[in-house]
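A.B. asks: Next up is a structure, given as structure tokens.
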Amino acid sequence: MNYSWDFRPVFAHFDMLALGLLNTVKIAAVSIVLGVLVGLVLAMMRLSVRRWLRWPAAVVIEFYRNTPPIVHFFWFFYAFPVLLSVSMSPYVAAVLALSTQSGAFYAEVFRGGIVSIERGQWEGARALGMTHAALMRRVIVPQAISRMVPPFIERSFELLKTTALASTLAYADLLYQAMMVNSQTFRPLEVYTTIAAMYLVLLVTASQLARIAERRLTAYQ
Amino acid sequence: MSQNPILEIKGLHKRFGDHHVLKGIDFSVEPGERVAIIGGSGSGKSTFLRCMNFMETLSEGEIWLDGQRIGQQVRGRMTYPEKQLCKVRERLGMVFQQFNLFPHMTVLQNVMEGLITVKGLSRQDARAIAVRELAKVGLGEKHDAWPGRLSGGQQQRVAIARALSMEPEVLLFDEPTSSLDPELVGEVLRVINQLAEEGRTMLLVTHELGFAYHFATRVIFLADGVFHEVGTPDEVLKNPQKPRTQEFLRRFGEFAF
């Protein structure tokens, strides 16, 4: 094989890739924040004593766990607008898909963290006379958070990688921008190698930050 | 000299599904009494204690605290509003077998927690009380330690300080030494003894029969969900009248009075 590598045409379009990277980070960040909100609501529903709250949440969570992520993207982009008779930008559709699917998984992470706290902790707090709200806020949630951190981070990395599916809706994320650069340079090997490296750097950096956060949140153990 | 009971239980039943654990218990405690509750494992002695501060829901029965029935009649059904239960639990301190300290708080914070979140004290006042109670259980040096770094005996003493800080009217001990290494039992029993000398009202579920003998003003032998034999330590532990009690004590073997 005597392929001659040439990254120059790719670097000439590096501004496009940089924009793509920025959009990837943006959509991931927004989706994580919204996903956390969705996850909190679903988790609270799942933990409720009321069946009419628990069941719908369980259905939503099961739906997302058992359907391919790309279907959610297509559904929010092509199907959902029909339902509302509005048009939807790729960005909005992708954010909806990402935040609802991550929300469904975050919900299980949050719920798992809460129920993993030993019965003795609930009883110790209750025996002091704490209300349910106080014991959640002061005793259960702070401990649960440190247990939620590792799976939460793992899930957020999944989300970060799943953002690449937004390119199928023509959202200008890193992958989509790479396809654009490729169509101008005809250098698929260099283009896709470059963006693979960019994803790698992004995720490794994020995991370093996550590790620092994890250490802080689990300091007492 | 009979006083009004601080705590009174009437017709207490507890079922876990089909399992009928407590079968109609009447019981009252006067201020200053120290009651040891003994019995085999599965006899329901812990469940009995845990019903008093509603760690378990009652299947049937009434609990009266200082002349007031706990609970509220709502359309013919007894309900237990959270606010009321919180107040009851505040007044009945509990010490658990597994300590149940909060691992994400330091020793001092553990003791301050209830004072701040339940009693609404300022940090400063809570701190002063916590320092005092920790000194009392001999842990004045350990304020900033994480509970996970302490021995079981030290953890249990922190738990006692935490319960004491709330100034409960009655202290409930649920097998406070059962999960301790043998050499650590003594330090916890000494603290409990010290509380006895202060004249505190206490209920103690225990397997330490020797300790129960010296500690208690009254001993209850619980078997098959009822009070099988009740009396002074001498009556129940030295001269038990019922064969079942005698058998239990024999199986427990020699213990030093």
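Residue numbering restarts at 1 in every chain; chains get A, B, ... in the order shown in the structure tokens, and ligands count up from 1 in that same order.
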Compile a residue-level contact table for chain B against chain A at a cut-off of 8 Å, reporting for every qualifying residue the shortest atom pair and its distance in Å to one decimal, with only C-alpha atoms counted, rows ordered by chain and ascending number, as a Markdown table.

C.D. replies:
| residue | atom | partner | partner_atom | distance |
| --- | --- | --- | --- | --- |
| B:Asn53 | CA | A:Ala127 | CA | 7.3 |
| B:Met55 | CA | A:Glu123 | CA | 7.0 |
| B:Glu82 | CA | A:Thr131 | CA | 7.0 |
| B:Lys83 | CA | A:Thr131 | CA | 7.3 |
| B:Leu85 | CA | A:Gly129 | CA | 7.5 |
| B:Cys86 | CA | A:Gly129 | CA | 4.2 |
| B:Lys87 | CA | A:Gly129 | CA | 6.1 |
| B:Val88 | CA | A:Gly129 | CA | 7.4 |
| B:Arg89 | CA | A:Gly129 | CA | 4.9 |
| B:Glu90 | CA | A:Gly129 | CA | 4.6 |
| B:Leu92 | CA | A:Ala127 | CA | 7.9 |
| B:Gly93 | CA | A:Ala127 | CA | 6.8 |
| B:Met94 | CA | A:Ala127 | CA | 6.1 |
| B:Phe96 | CA | A:Gly124 | CA | 7.9 |
| B:Gln98 | CA | A:Gly120 | CA | 7.4 |
| B:Phe99 | CA | A:Gly124 | CA | 8.0 |
| B:Asn100 | CA | A:Gly124 | CA | 5.3 |
| B:Leu101 | CA | A:Gly124 | CA | 6.9 |
| B:Phe102 | CA | A:Gln121 | CA | 6.8 |
| B:Pro103 | CA | A:Tyr220 | CA | 7.3 |
| B:His104 | CA | A:Tyr220 | CA | 5.8 |
| B:Gly114 | CA | A:Leu128 | CA | 5.9 |
| B:Thr117 | CA | A:Ala134 | CA | 7.1 |
| B:Val118 | CA | A:Met130 | CA | 5.8 |
| B:Trp146 | CA | A:Tyr220 | CA | 7.1 |
| B:Gly148 | CA | A:Gln221 | CA | 7.8 |
| B:Ala163 | CA | A:Leu128 | CA | 7.1 |
| B:Met166 | CA | A:Leu128 | CA | 7.6 |

A.B. asks: Write out as a PDB file with N, CA and C atoms, in the first residue's frame all residues of segment 108-176 of chain B that backbone DSSP assigns to alpha helix (DSSP H).

C.D. replies:
ATOM      1  N   LEU B 108     -18.449  15.261  64.790  1.00  0.00           N
ATOM      2  CA  LEU B 108     -19.119  16.435  65.356  1.00  0.00           C
ATOM      3  C   LEU B 108     -20.389  16.773  64.562  1.00  0.00           C
ATOM      4  N   GLN B 109     -20.277  16.723  63.250  1.00  0.00           N
ATOM      5  CA  GLN B 109     -21.441  17.028  62.401  1.00  0.00           C
ATOM      6  C   GLN B 109     -22.571  16.032  62.623  1.00  0.00           C
ATOM      7  N   ASN B 110     -22.205  14.773  62.854  1.00  0.00           N
ATOM      8  CA  ASN B 110     -23.223  13.765  63.140  1.00  0.00           C
ATOM      9  C   ASN B 110     -24.061  14.157  64.348  1.00  0.00           C
ATOM     10  N   VAL B 111     -23.386  14.649  65.372  1.00  0.00           N
ATOM     11  CA  VAL B 111     -24.094  14.984  66.601  1.00  0.00           C
ATOM     12  C   VAL B 111     -24.848  16.313  66.445  1.00  0.00           C
ATOM     13  N   MET B 112     -24.307  17.203  65.627  1.00  0.00           N
ATOM     14  CA  MET B 112     -24.954  18.505  65.443  1.00  0.00           C
ATOM     15  C   MET B 112     -26.184  18.424  64.540  1.00  0.00           C
ATOM     16  N   GLU B 113     -26.216  17.383  63.680  1.00  0.00           N
ATOM     17  CA  GLU B 113     -27.204  17.338  62.604  1.00  0.00           C
ATOM     18  C   GLU B 113     -28.653  17.479  63.083  1.00  0.00           C
ATOM     19  N   GLY B 114     -29.029  16.657  64.041  1.00  0.00           N
ATOM     20  CA  GLY B 114     -30.408  16.706  64.526  1.00  0.00           C
ATOM     21  C   GLY B 114     -30.726  18.026  65.203  1.00  0.00           C
ATOM     22  N   LEU B 115     -29.732  18.554  65.907  1.00  0.00           N
ATOM     23  CA  LEU B 115     -29.940  19.817  66.614  1.00  0.00           C
ATOM     24  C   LEU B 115     -30.250  20.939  65.634  1.00  0.00           C
ATOM     25  N   ILE B 116     -29.585  20.892  64.484  1.00  0.00           N
ATOM     26  CA  ILE B 116     -29.781  21.952  63.498  1.00  0.00           C
ATOM     27  C   ILE B 116     -31.043  21.710  62.665  1.00  0.00           C
ATOM     28  N   THR B 117     -31.145  20.510  62.068  1.00  0.00           N
ATOM     29  CA  THR B 117     -32.255  20.296  61.135  1.00  0.00           C
ATOM     30  C   THR B 117     -33.572  19.987  61.829  1.00  0.00           C
ATOM     31  N   ARG B 123     -25.844  26.987  64.443  1.00  0.00           N
ATOM     32  CA  ARG B 123     -24.656  26.137  64.386  1.00  0.00           C
ATOM     33  C   ARG B 123     -23.857  26.237  65.681  1.00  0.00           C
ATOM     34  N   GLN B 124     -23.781  27.463  66.168  1.00  0.00           N
ATOM     35  CA  GLN B 124     -22.999  27.719  67.369  1.00  0.00           C
ATOM     36  C   GLN B 124     -23.542  26.951  68.574  1.00  0.00           C
ATOM     37  N   ASP B 125     -24.845  27.064  68.789  1.00  0.00           N
ATOM     38  CA  ASP B 125     -25.457  26.372  69.922  1.00  0.00           C
ATOM     39  C   ASP B 125     -25.361  24.860  69.748  1.00  0.00           C
ATOM     40  N   ALA B 126     -25.607  24.401  68.520  1.00  0.00           N
ATOM     41  CA  ALA B 126     -25.549  22.968  68.242  1.00  0.00           C
ATOM     42  C   ALA B 126     -24.145  22.449  68.522  1.00  0.00           C
ATOM     43  N   ARG B 127     -23.176  23.238  68.119  1.00  0.00           N
ATOM     44  CA  ARG B 127     -21.793  22.844  68.314  1.00  0.00           C
ATOM     45  C   ARG B 127     -21.476  22.684  69.803  1.00  0.00           C
ATOM     46  N   ALA B 128     -21.927  23.656  70.587  1.00  0.00           N
ATOM     47  CA  ALA B 128     -21.642  23.619  72.025  1.00  0.00           C
ATOM     48  C   ALA B 128     -22.227  22.354  72.652  1.00  0.00           C
ATOM     49  N   ILE B 129     -23.449  22.028  72.268  1.00  0.00           N
ATOM     50  CA  ILE B 129     -24.089  20.821  72.815  1.00  0.00           C
ATOM     51  C   ILE B 129     -23.359  19.565  72.355  1.00  0.00           C
ATOM     52  N   ALA B 130     -23.015  19.540  71.064  1.00  0.00           N
ATOM     53  CA  ALA B 130     -22.342  18.361  70.512  1.00  0.00           C
ATOM     54  C   ALA B 130     -20.997  18.139  71.192  1.00  0.00           C
ATOM     55  N   VAL B 131     -20.267  19.221  71.408  1.00  0.00           N
ATOM     56  CA  VAL B 131     -18.964  19.108  72.089  1.00  0.00           C
ATOM     57  C   VAL B 131     -19.150  18.529  73.488  1.00  0.00           C
ATOM     58  N   ARG B 132     -20.167  19.016  74.179  1.00  0.00           N
ATOM     59  CA  ARG B 132     -20.437  18.550  75.530  1.00  0.00           C
ATOM     60  C   ARG B 132     -20.790  17.058  75.543  1.00  0.00           C
ATOM     61  N   GLU B 133     -21.684  16.652  74.633  1.00  0.00           N
ATOM     62  CA  GLU B 133     -22.121  15.249  74.623  1.00  0.00           C
ATOM     63  C   GLU B 133     -20.991  14.310  74.210  1.00  0.00           C
ATOM     64  N   LEU B 134     -20.159  14.768  73.289  1.00  0.00           N
ATOM     65  CA  LEU B 134     -19.044  13.909  72.862  1.00  0.00           C
ATOM     66  C   LEU B 134     -18.030  13.751  73.992  1.00  0.00           C
ATOM     67  N   ALA B 135     -17.833  14.819  74.754  1.00  0.00           N
ATOM     68  CA  ALA B 135     -16.915  14.719  75.886  1.00  0.00           C
ATOM     69  C   ALA B 135     -17.449  13.697  76.880  1.00  0.00           C
ATOM     70  N   LYS B 136     -18.755  13.704  77.047  1.00  0.00           N
ATOM     71  CA  LYS B 136     -19.401  12.817  77.992  1.00  0.00           C
ATOM     72  C   LYS B 136     -19.183  11.340  77.644  1.00  0.00           C
ATOM     73  N   GLY B 152     -15.769   0.175  66.170  1.00  0.00           N
ATOM     74  CA  GLY B 152     -17.198  -0.001  66.408  1.00  0.00           C
ATOM     75  C   GLY B 152     -17.643   0.599  67.735  1.00  0.00           C
ATOM     76  N   GLY B 153     -16.822   0.413  68.752  1.00  0.00           N
ATOM     77  CA  GLY B 153     -17.168   0.948  70.074  1.00  0.00           C
ATOM     78  C   GLY B 153     -17.230   2.465  70.062  1.00  0.00           C
ATOM     79  N   GLN B 154     -16.276   3.066  69.362  1.00  0.00           N
ATOM     80  CA  GLN B 154     -16.280   4.530  69.266  1.00  0.00           C
ATOM     81  C   GLN B 154     -17.488   5.009  68.472  1.00  0.00           C
ATOM     82  N   GLN B 155     -17.787   4.304  67.376  1.00  0.00           N
ATOM     83  CA  GLN B 155     -18.952   4.695  66.569  1.00  0.00           C
ATOM     84  C   GLN B 155     -20.222   4.627  67.394  1.00  0.00           C
ATOM     85  N   GLN B 156     -20.341   3.567  68.190  1.00  0.00           N
ATOM     86  CA  GLN B 156     -21.561   3.440  68.974  1.00  0.00           C
ATOM     87  C   GLN B 156     -21.646   4.547  70.019  1.00  0.00           C
ATOM     88  N   ARG B 157     -20.504   4.959  70.565  1.00  0.00           N
ATOM     89  CA  ARG B 157     -20.533   6.052  71.532  1.00  0.00           C
ATOM     90  C   ARG B 157     -20.916   7.370  70.867  1.00  0.00           C
ATOM     91  N   VAL B 158     -20.477   7.562  69.625  1.00  0.00           N
ATOM     92  CA  VAL B 158     -20.921   8.748  68.886  1.00  0.00           C
ATOM     93  C   VAL B 158     -22.439   8.697  68.702  1.00  0.00           C
ATOM     94  N   ALA B 159     -22.930   7.503  68.354  1.00  0.00           N
ATOM     95  CA  ALA B 159     -24.375   7.347  68.145  1.00  0.00           C
ATOM     96  C   ALA B 159     -25.143   7.654  69.429  1.00  0.00           C
ATOM     97  N   ILE B 160     -24.576   7.262  70.555  1.00  0.00           N
ATOM     98  CA  ILE B 160     -25.228   7.566  71.836  1.00  0.00           C
ATOM     99  C   ILE B 160     -25.208   9.073  72.082  1.00  0.00           C
ATOM    100  N   ALA B 161     -24.067   9.694  71.795  1.00  0.00           N
ATOM    101  CA  ALA B 161     -23.973  11.154  71.954  1.00  0.00           C
ATOM    102  C   ALA B 161     -24.986  11.852  71.053  1.00  0.00           C
ATOM    103  N   ARG B 162     -25.144  11.324  69.841  1.00  0.00           N
ATOM    104  CA  ARG B 162     -26.095  11.913  68.895  1.00  0.00           C
ATOM    105  C   ARG B 162     -27.515  11.831  69.446  1.00  0.00           C
ATOM    106  N   ALA B 163     -27.856  10.665  70.000  1.00  0.00           N
ATOM    107  CA  ALA B 163     -29.204  10.501  70.565  1.00  0.00           C
ATOM    108  C   ALA B 163     -29.379  11.403  71.792  1.00  0.00           C
ATOM    109  N   LEU B 164     -28.349  11.461  72.644  1.00  0.00           N
ATOM    110  CA  LEU B 164     -28.438  12.256  73.873  1.00  0.00           C
ATOM    111  C   LEU B 164     -28.578  13.740  73.595  1.00  0.00           C
ATOM    112  N   SER B 165     -27.926  14.192  72.519  1.00  0.00           N
ATOM    113  CA  SER B 165     -27.904  15.629  72.237  1.00  0.00           C
ATOM    114  C   SER B 165     -29.313  16.181  72.042  1.00  0.00           C
TER     115      SER B 165
END

A.B. asks: Set the distance at 8 Å and use only C-alpha atoms: which residues neighbour Glu190 of chain A once local chain neighbours fewer than 2 positions away are removed? I'd like the list as a count of residues only.

C.D. replies: 9

A.B. asks: Which residue out of B:Lys238, B:Arg15, B:Ile37, B:Val219 has the minimum interatomic distance to Thr206 of chain B when only C-alpha atoms are used?

C.D. replies: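 So, comparing all the options, the nearest one is B:Ile37.
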
A.B. asks: What's the separation between atom CA of Val60 of chain A and atom CA of Glu154 of chain A, in Å to one decimal place?

C.D. replies: 20.8 Å
